[in-house]
Amino acid sequence: MGRPKQALISRRKTLEVALRIIDEEGLDALSIRRLGDELNVRGISLYHHFKSKEHILVGASELALANVRTPNTTNADWREWLISNAIEYWKALRAHPNLIPILMRRHPLRIGLTEHNATAGLLAVQGVPPGVIMPLMEGLESLALGSAAYESAADADTGTDDWQEQNPFLFHVRRNRDISRARVFEVMAKAAVDAVLDEYYAAAGMDAPLQPEANANKA
């Protein structure tokens, strides 16, 4: 039986397969023809759902970031959900490191801009000064991208040379880590938020408002 003339697969299924190929074989392995072969359809059929391969890359990236979501309520403390989103972003990058080069171009590719717009809006509604919203968002995104890129490169080190013998102290501390990477990222994300806020209020000649836990302790 020949292949169907029309694509019998969904957009979601196409993105799931595309993400699997990227994860397992890298960005260069993904092509319209390869996707068609994997889905048992003509590659040209995929243009029913996507304008180009770039649109598939965008869709695969958005699928990988499915857990990074702005709350639909104002009840959650903004520091908590913003840092939680940064952690989820870092987790997604660690799970899909081959997408990091694509997400480095997130803005020009318009990946997740609707979600980022919702984040900026909710932060403003929750009383975060507009002048500090973009520094907070950019700082956390840069931290997640940099951390994930470094950690992925370190994990990919095959260790085929004798670097361990030549660098015994580095090898020793690498094997004796007392704080997990996940915890380190969480601590750095919290510190980054505090540091950006402190800088904003200092530059404005204002005292930073007490955080909720500080208010509770004071009471």
# chains A, B, ... in the order shown; residues from 1 in each chain; ligands from 1
call {"tool": "closest_atom_pairs", "arguments": {"of": "region 73-191 of chain A", "to": "region 36-60 of chain A", "cutoff": "9 Å", "atoms": "only C-alpha atoms", "output": "Markdown table"}}
result
| residue | atom | partner | partner_atom | distance |
| --- | --- | --- | --- | --- |
| A:Leu99 | CA | A:Leu57 | CA | 8.6 |
| A:Ile102 | CA | A:Leu57 | CA | 7.6 |
| A:Leu103 | CA | A:Val58 | CA | 8.8 |
| A:Arg106 | CA | A:Val58 | CA | 8.5 |
| A:Leu109 | CA | A:Val58 | CA | 7.1 |
| A:Arg110 | CA | A:Val58 | CA | 8.0 |
| A:Ile111 | CA | A:Val58 | CA | 6.1 |
| A:Gly112 | CA | A:Val58 | CA | 8.9 |
call {"tool": "closest_atom_pairs", "arguments": {"of": "region 49-132 of chain A", "to": "region 176-200 of chain A", "cutoff": "12 Å", "atoms": "only C-alpha atoms", "output": "CSV"}}
result
residue,atom,partner,partner_atom,distance
A:Trp78,CA,A:Val193,CA,10.9
A:Arg79,CA,A:Val193,CA,7.8
A:Glu80,CA,A:Lys190,CA,9.0
A:Trp81,CA,A:Lys190,CA,11.2
A:Leu82,CA,A:Val193,CA,9.1
A:Ile83,CA,A:Ala189,CA,6.3
A:Ser84,CA,A:Glu186,CA,8.4
A:Asn85,CA,A:Ala189,CA,10.3
A:Ala86,CA,A:Ala189,CA,7.4
A:Ile87,CA,A:Glu186,CA,6.6
A:Glu88,CA,A:Glu186,CA,10.3
A:Tyr89,CA,A:Phe185,CA,11.0
A:Trp90,CA,A:Phe185,CA,8.2
A:Lys91,CA,A:Ala182,CA,8.3
A:Arg94,CA,A:Ala182,CA,10.1
A:Val128,CA,A:Leu197,CA,9.6
A:Pro129,CA,A:Tyr200,CA,9.2
A:Pro130,CA,A:Tyr200,CA,10.8
A:Gly131,CA,A:Tyr200,CA,8.1
A:Val132,CA,A:Tyr200,CA,6.5
call {"tool": "residues_around", "arguments": {"residues": "Leu63 (chain A)", "least_positions_apart": "5", "cutoff": "9 Å", "atoms": "only C-alpha atoms", "output": "list of chain:residue names"}}
result
A:Arg12, A:Leu15, A:Glu16, A:Leu19, A:Val58
call {"tool": "write_last_selection", "arguments": {"atoms": "N, CA, C and O atoms", "output": "tab-separated table (two decimals), in the first residue's frame"}}
result
chain	number	residue	atom	x	y	z
A	12	ARG	N	0.56	17.83	16.86
A	12	ARG	CA	1.18	17.41	18.11
A	12	ARG	C	2.10	16.21	17.91
A	12	ARG	O	3.23	16.19	18.41
A	15	LEU	N	5.34	17.19	16.25
A	15	LEU	CA	6.26	17.88	17.15
A	15	LEU	C	6.90	16.90	18.13
A	15	LEU	O	8.07	17.05	18.48
A	16	GLU	N	6.13	15.93	18.59
A	16	GLU	CA	6.69	14.93	19.50
A	16	GLU	C	7.80	14.14	18.83
A	16	GLU	O	8.85	13.89	19.43
A	19	LEU	N	10.84	16.41	18.32
A	19	LEU	CA	11.58	16.60	19.57
A	19	LEU	C	12.40	15.36	19.91
A	19	LEU	O	13.54	15.47	20.40
A	58	VAL	N	10.38	25.72	16.22
A	58	VAL	CA	9.68	26.58	17.18
A	58	VAL	C	8.66	25.75	17.95
A	58	VAL	O	8.57	25.83	19.19
call {"tool": "select_by_dssp", "arguments": {"residues": "region 26-57 of chain A", "states": "helix (DSSP H, G or I)", "output": "ChimeraX atom specification"}}
result
/A:27-29,32-39,43-48,53-57
call {"tool": "write_last_selection", "arguments": {"atoms": "C-alpha atoms", "output": "tab-separated table (two decimals), in the first residue's frame"}}
result
chain	number	residue	atom	x	y	z
A	27	LEU	CA	19.39	19.45	15.36
A	28	ASP	CA	21.20	18.48	12.16
A	29	ALA	CA	19.36	15.16	12.05
A	32	ILE	CA	11.25	17.45	6.58
A	33	ARG	CA	12.14	14.24	4.76
A	34	ARG	CA	13.29	12.53	7.96
A	35	LEU	CA	10.10	13.54	9.74
A	36	GLY	CA	8.01	12.20	6.90
A	37	ASP	CA	9.87	8.90	7.00
A	38	GLU	CA	9.37	8.60	10.77
A	39	LEU	CA	5.66	9.38	10.47
A	43	GLY	CA	7.37	15.00	3.78
A	44	ILE	CA	5.43	17.56	1.78
A	45	SER	CA	2.30	16.58	3.74
A	46	LEU	CA	3.81	18.23	6.81
A	47	TYR	CA	3.29	21.61	5.19
A	48	HIS	CA	-0.39	21.20	6.02
A	53	LYS	CA	11.31	23.47	9.18
A	54	GLU	CA	11.92	26.55	11.33
A	55	HIS	CA	8.28	26.50	12.40
A	56	ILE	CA	8.74	22.87	13.43
A	57	LEU	CA	11.74	23.84	15.54
call {"tool": "atom_distance", "arguments": {"atom1": "CA of Ser152 (chain A)", "atom2": "CA of Leu93 (chain A)"}}
result
8.9 Å
call {"tool": "atom_distance", "arguments": {"atom1": "CA of Leu145 (chain A)", "atom2": "CA of Leu122 (chain A)"}}
result
22.9 Å
call {"tool": "closest_residue", "arguments": {"among": "A:Met134, A:Ile9, A:Ile21, A:Ala208", "to": "Thr119 (chain A)", "atoms": "only C-alpha atoms"}}
result
A:Met134
call {"tool": "atom_distance", "arguments": {"atom1": "CA of Asp23 (chain A)", "atom2": "CA of Gly139 (chain A)"}}
result
26.2 Å
call {"tool": "residues_around", "arguments": {"residues": "region 169-172 of chain A", "least_positions_apart": "6", "cutoff": "12 Å", "atoms": "only C-alpha atoms", "output": "PyMOL selection string"}}
result
chain A and resi 159+162-163
call {"tool": "write_last_selection", "arguments": {"atoms": "N, CA, C and O atoms", "output": "PDB file, in the first residue's frame"}}
result
ATOM      1  N   GLY A 159      35.742  12.134  28.569  1.00  0.00           N
ATOM      2  CA  GLY A 159      36.870  11.791  29.428  1.00  0.00           C
ATOM      3  C   GLY A 159      37.842  10.813  28.800  1.00  0.00           C
ATOM      4  O   GLY A 159      38.426   9.984  29.496  1.00  0.00           O
ATOM      5  N   ASP A 162      43.517  12.106  29.698  1.00  0.00           N
ATOM      6  CA  ASP A 162      43.897  11.854  31.088  1.00  0.00           C
ATOM      7  C   ASP A 162      43.744  13.109  31.945  1.00  0.00           C
ATOM      8  O   ASP A 162      44.564  13.380  32.819  1.00  0.00           O
ATOM      9  N   TRP A 163      42.675  13.868  31.703  1.00  0.00           N
ATOM     10  CA  TRP A 163      42.505  15.123  32.435  1.00  0.00           C
ATOM     11  C   TRP A 163      42.383  14.879  33.938  1.00  0.00           C
ATOM     12  O   TRP A 163      42.799  15.708  34.747  1.00  0.00           O
TER      13      TRP A 163
END
call {"tool": "closest_residue", "arguments": {"among": "A:Leu113, A:Ala203, A:Ala18, A:Ala124", "to": "Ser31 (chain A)", "atoms": "only C-alpha atoms"}}
result
A:Ala18
